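Worksheet for the structure shown next.
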Amino acid sequence: MTGGGDGLSGGQPHDALFRSVFGDPEHAGSELRSVVPPELIGHLDLDRLVRQDGTFIDDALRHRHTDVLFATTVRGRDAYLYVLLEHQSTPDPLMAFRMAGYQHRIWERHLDMYPPEAGHRPLPLIIPIVIYQGRRRWTAPTDLAGLLDVDPELSVAAGDLIPRVFYLLDDLTVIDEHEMRARPLSTAARLTFVSFENAPGDRDATRWMGEWADDLAALDQRWLVPIFTYILRVSVTPVDRLVDFATTLGPDVKEAAMTTAEQLIAEGESRGAARGEARVLINMLTLKFGELDDDTKNLVRGATADQIDLWSARFVAGAADIDAVFDR
């Protein structure tokens with residue numbers, strides 16, 4: 001499976017920042033220390049998190065979810081930490097069902113890599129975490145049992161036949177600034193969450209960035225650039241205003257802002273041609289296959305020039321349907 005998208009901005013800014021920051025063991029570990037129960041966290045080897053390749057998300061949900069998987073050990077036994085970002089504006093009512101499916105895929109891959117041995121239990125522990133940064137607080141069940149259409153009396157009678165598959169929830173909508181500062185998060189992780197909450201659609205992100213000036217000034221350019229990139233992509237903050245603000249925080253922060261601006265300008269020039277090609281491909285697909293759904297349009301609009309060239313070639317070669325164009 002391939003990486004995902006995001007419902008706010010064509011699929012890429014949330015994903016890119018989340019994977020950049022929380023794909024790093026240090027920052028992922030700081031989030032785990034914030035949400036995993038203390039009685040369990042002490043048994044996890046967070047100093048030896050090893051990021052795993054790939055994603056386990058359904059292709060149809062790539063615009064809603066982004067995930068990272070780490071291998072570790074618990075008391076010397078294999079274990080996995082699975083972190084998923086839900087970046088829609090409202091909760092996914094089926095998240096417990098989806099997380100159960102994603103864990104099943106992780107176990108399947110583990111069994112492919114490590115065939116069962118006689119006398120050993122074959123499945124490792126998975127600790128699943130959902131990070132939610134929408135506009136409304138999370139209300140969906142965090143246990144698969146909460147989705148079953150059974151009344152309380154039948155549930156008691158069924159007993160252990162009722163499946164219990166839980167995930168830990170980190171609902172950022174209920175975390176205020178004081179709580180965010182008090183968490184054992186790394187600086188990059190904290191600023192990522194703050195950016196997720198405040199940047200989308202903001203006309204001048206420097207207003208709230210000033211409240212986090214100390215954290216920004218202390219952050220390495222390796223993390224400042226993706227955070228600045230995200231802010232400029234999802235807000236309407238003028239680039240020169242961000243650069244002016246960064247200048248007040250010191251030469252390193254200014255350099256990171258300048259680097260971000262230069263990269264976005266270069267990217268914009270290369271994407272200009274791709275956007276024109278995307279419009280043409282959307283029009284051709286619509287003429288042949290009928291009106292496209294929003295997910296397909298966003299997929300084309302967010303694609304690279306190489307991807308559009310490939311899909312156009314399949315279309316011209318006589319793809320029988322829309323799925324054949326995208327090879328899905």
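By order of appearance in the structure tokens: chains A, B, ..., then residues from 1 within every chain, and ligands from 1 in the order shown.
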Near-A:Phe196 list (9 Å; only C-alpha atoms; drop same-chain fewer than 5 positions) as a PyMOL selection string: chain A and resi 14+87+133-134+191+230-231
Show which residues sit within 12 Å of stretch 170-182 of chain A, as a compact mmCIF listing (two decimals) with N, CA, C and O atoms, in the first residue's frame. Count only C-alpha atoms, and ignore same-chain residues fewer than 3 positions away.
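And here's out17.txt as it stands now:
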```
# COMPACT_ATOMS: atom_id res chain seq x y z
N GLU A 31 5.70 11.08 22.29
CA GLU A 31 4.23 10.98 22.23
C GLU A 31 3.74 9.75 22.99
O GLU A 31 2.74 9.81 23.70
N LEU A 32 4.46 8.65 22.86
CA LEU A 32 4.07 7.44 23.57
C LEU A 32 4.11 7.66 25.08
O LEU A 32 3.24 7.20 25.83
N ARG A 33 5.13 8.38 25.55
CA ARG A 33 5.22 8.67 26.99
C ARG A 33 4.06 9.54 27.45
O ARG A 33 3.75 9.57 28.65
N SER A 34 3.44 10.24 26.51
CA SER A 34 2.32 11.12 26.85
C SER A 34 0.99 10.40 26.95
O SER A 34 0.09 10.86 27.65
N VAL A 35 0.83 9.28 26.24
CA VAL A 35 -0.49 8.66 26.14
C VAL A 35 -0.56 7.22 26.63
O VAL A 35 -1.64 6.75 26.99
N VAL A 36 0.56 6.50 26.63
CA VAL A 36 0.53 5.10 27.08
C VAL A 36 0.46 5.07 28.61
O VAL A 36 1.17 5.82 29.28
N VAL A 83 1.02 4.01 15.26
CA VAL A 83 0.49 5.36 15.49
C VAL A 83 -0.19 5.84 14.22
O VAL A 83 0.42 5.86 13.14
N LEU A 84 -1.45 6.24 14.35
CA LEU A 84 -2.23 6.70 13.21
C LEU A 84 -2.73 8.11 13.46
O LEU A 84 -3.23 8.42 14.55
N LEU A 85 -2.59 8.96 12.46
CA LEU A 85 -3.12 10.33 12.53
C LEU A 85 -4.43 10.38 11.77
O LEU A 85 -4.49 10.05 10.58
N GLU A 86 -5.49 10.80 12.46
CA GLU A 86 -6.79 11.03 11.83
C GLU A 86 -6.90 12.52 11.60
O GLU A 86 -6.97 13.31 12.55
N HIS A 87 -6.85 12.95 10.32
CA HIS A 87 -6.83 14.38 10.07
C HIS A 87 -8.06 14.89 9.34
O HIS A 87 -8.01 15.88 8.63
N SER A 89 -11.91 16.58 9.83
CA SER A 89 -12.40 17.56 10.79
C SER A 89 -13.36 16.94 11.81
O SER A 89 -13.63 17.54 12.85
N THR A 90 -13.89 15.75 11.50
CA THR A 90 -14.82 15.09 12.42
C THR A 90 -14.35 13.65 12.66
O THR A 90 -13.65 13.07 11.83
N PRO A 91 -14.73 13.05 13.79
CA PRO A 91 -14.28 11.69 14.11
C PRO A 91 -14.79 10.66 13.11
O PRO A 91 -15.87 10.82 12.53
N PRO A 128 -1.79 0.20 19.73
CA PRO A 128 -2.29 1.13 18.72
C PRO A 128 -2.70 2.47 19.32
O PRO A 128 -3.35 2.53 20.37
N ILE A 129 -2.32 3.54 18.65
CA ILE A 129 -2.64 4.90 19.11
C ILE A 129 -3.23 5.69 17.95
O ILE A 129 -2.67 5.69 16.85
N VAL A 130 -4.33 6.36 18.20
CA VAL A 130 -4.93 7.27 17.22
C VAL A 130 -4.76 8.69 17.72
O VAL A 130 -5.17 9.02 18.84
N ILE A 131 -4.13 9.53 16.90
CA ILE A 131 -4.00 10.96 17.20
C ILE A 131 -5.04 11.69 16.37
O ILE A 131 -5.09 11.55 15.14
N TYR A 132 -5.87 12.48 17.03
CA TYR A 132 -6.96 13.18 16.34
C TYR A 132 -6.82 14.67 16.54
O TYR A 132 -6.66 15.15 17.66
N GLN A 133 -6.86 15.42 15.43
CA GLN A 133 -6.71 16.88 15.52
C GLN A 133 -7.77 17.61 14.70
O GLN A 133 -7.50 18.59 14.04
N GLY A 134 -9.01 17.12 14.78
CA GLY A 134 -10.11 17.73 14.04
C GLY A 134 -10.68 18.94 14.74
O GLY A 134 -10.09 19.52 15.65
N ARG A 135 -11.88 19.30 14.34
CA ARG A 135 -12.53 20.49 14.91
C ARG A 135 -13.50 20.13 16.04
O ARG A 135 -13.80 20.96 16.88
N ARG A 136 -14.04 18.92 16.02
CA ARG A 136 -14.96 18.48 17.07
C ARG A 136 -14.29 17.40 17.91
O ARG A 136 -13.54 16.59 17.38
N ARG A 137 -14.60 17.37 19.19
CA ARG A 137 -13.98 16.38 20.06
C ARG A 137 -14.39 14.98 19.63
O ARG A 137 -15.45 14.77 19.03
N TRP A 138 -13.57 14.00 19.97
CA TRP A 138 -13.77 12.62 19.54
C TRP A 138 -14.94 12.00 20.31
O TRP A 138 -15.02 12.08 21.54
N THR A 139 -15.86 11.37 19.59
CA THR A 139 -17.01 10.73 20.21
C THR A 139 -17.15 9.26 19.80
O THR A 139 -18.03 8.56 20.34
N ALA A 140 -16.35 8.78 18.87
CA ALA A 140 -16.47 7.41 18.37
C ALA A 140 -15.95 6.41 19.39
O ALA A 140 -15.06 6.73 20.19
N THR A 142 -13.79 3.61 21.21
CA THR A 142 -12.37 3.23 21.13
C THR A 142 -12.20 1.73 21.32
O THR A 142 -11.08 1.26 21.53
N TYR A 167 -8.03 0.75 21.13
CA TYR A 167 -6.90 1.59 20.74
C TYR A 167 -6.84 2.76 21.72
O TYR A 167 -7.86 3.15 22.32
N LEU A 185 6.63 15.81 25.81
CA LEU A 185 6.85 15.77 24.37
C LEU A 185 8.20 16.39 24.01
O LEU A 185 8.67 17.31 24.69
N SER A 186 8.77 15.92 22.93
CA SER A 186 9.93 16.62 22.37
C SER A 186 9.45 17.96 21.81
O SER A 186 8.25 18.15 21.54
N THR A 187 10.37 18.89 21.64
CA THR A 187 9.99 20.20 21.12
C THR A 187 9.38 20.09 19.74
O THR A 187 8.37 20.75 19.43
N ALA A 189 7.79 17.53 18.41
CA ALA A 189 6.47 16.92 18.50
C ALA A 189 5.44 17.94 19.00
O ALA A 189 4.33 18.04 18.48
N ARG A 190 5.82 18.72 20.01
CA ARG A 190 4.90 19.70 20.56
C ARG A 190 4.54 20.76 19.51
O ARG A 190 3.36 21.10 19.34
N LEU A 191 5.52 21.27 18.80
CA LEU A 191 5.25 22.29 17.79
C LEU A 191 4.46 21.72 16.61
O LEU A 191 3.70 22.44 15.97
N THR A 192 4.64 20.45 16.33
CA THR A 192 3.83 19.82 15.28
C THR A 192 2.37 19.81 15.68
O THR A 192 1.49 20.18 14.88
N PHE A 193 2.09 19.41 16.90
CA PHE A 193 0.70 19.41 17.37
C PHE A 193 0.11 20.82 17.38
O PHE A 193 -1.04 21.03 16.98
N VAL A 194 0.90 21.77 17.85
CA VAL A 194 0.42 23.16 17.89
C VAL A 194 0.12 23.66 16.47
O VAL A 194 -0.89 24.34 16.24
N SER A 195 0.96 23.29 15.52
CA SER A 195 0.74 23.70 14.13
C SER A 195 -0.50 23.03 13.55
O SER A 195 -1.28 23.67 12.84
N PHE A 196 -0.69 21.74 13.85
CA PHE A 196 -1.89 21.05 13.39
C PHE A 196 -3.15 21.77 13.87
O PHE A 196 -4.13 21.89 13.14
N GLU A 197 -3.12 22.22 15.11
CA GLU A 197 -4.30 22.82 15.71
C GLU A 197 -4.57 24.24 15.22
O GLU A 197 -5.73 24.65 15.09
N ASN A 198 -3.51 24.99 14.92
CA ASN A 198 -3.68 26.43 14.68
C ASN A 198 -3.47 26.90 13.24
O ASN A 198 -4.03 27.91 12.85
N TRP A 208 0.13 33.39 16.68
CA TRP A 208 0.23 32.36 17.72
C TRP A 208 1.63 31.75 17.80
O TRP A 208 2.02 31.23 18.85
N GLU A 211 3.79 32.91 20.69
CA GLU A 211 3.62 32.31 22.01
C GLU A 211 4.54 31.09 22.20
O GLU A 211 4.73 30.62 23.31
N TRP A 212 5.10 30.60 21.09
CA TRP A 212 5.98 29.44 21.13
C TRP A 212 7.38 29.80 20.65
O TRP A 212 8.13 28.95 20.18
N ASP A 214 10.14 30.55 22.20
CA ASP A 214 11.27 29.87 22.85
C ASP A 214 11.49 28.49 22.25
O ASP A 214 12.63 28.06 22.02
N ASP A 215 10.41 27.76 22.02
CA ASP A 215 10.52 26.43 21.43
C ASP A 215 11.05 26.52 20.01
O ASP A 215 11.92 25.73 19.60
```
Test item: residues at most 12 Å from stretch 249-262 of chain A, only C-alpha atoms, excluding those fewer than 4 positions along its chain, as an NGL selection string: :A and (206 or 209-210 or 212-233 or 237-245 or 266-269)
Could you pull out the strand (DSSP E or B) residues of stretch 12-237 of chain A from DSSP and send them as number ranges by chain? A: 44, 50-52, 65-74, 77-86, 125-132, 143, 166, 168-171
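A straight line drawn from atom CA of A:Pro37 to atom CA of A:Arg75 is 16.1 Å long.
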Using only C-alpha atoms, determine which residues lie at most 12 Å from A:Asp321, disregarding the query and same-chain residues fewer than 4 positions distant; provide the list as a ChimeraX atom specification. /A:285-286,288-290,292,311,314-317,325-328
Counting only C-alpha atoms, which residue out of A:Leu125, A:Ala28, A:Leu40, A:Ala118 sits closest to A:Gln103?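 Under the stated criterion, the closest residue is A:Leu125.
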Backbone-only DSSP, alpha helix (DSSP H) members of stretch 189-235 of chain A, as a PyMOL selection string: chain A and resi 189-198+206-209+213-218+221-234
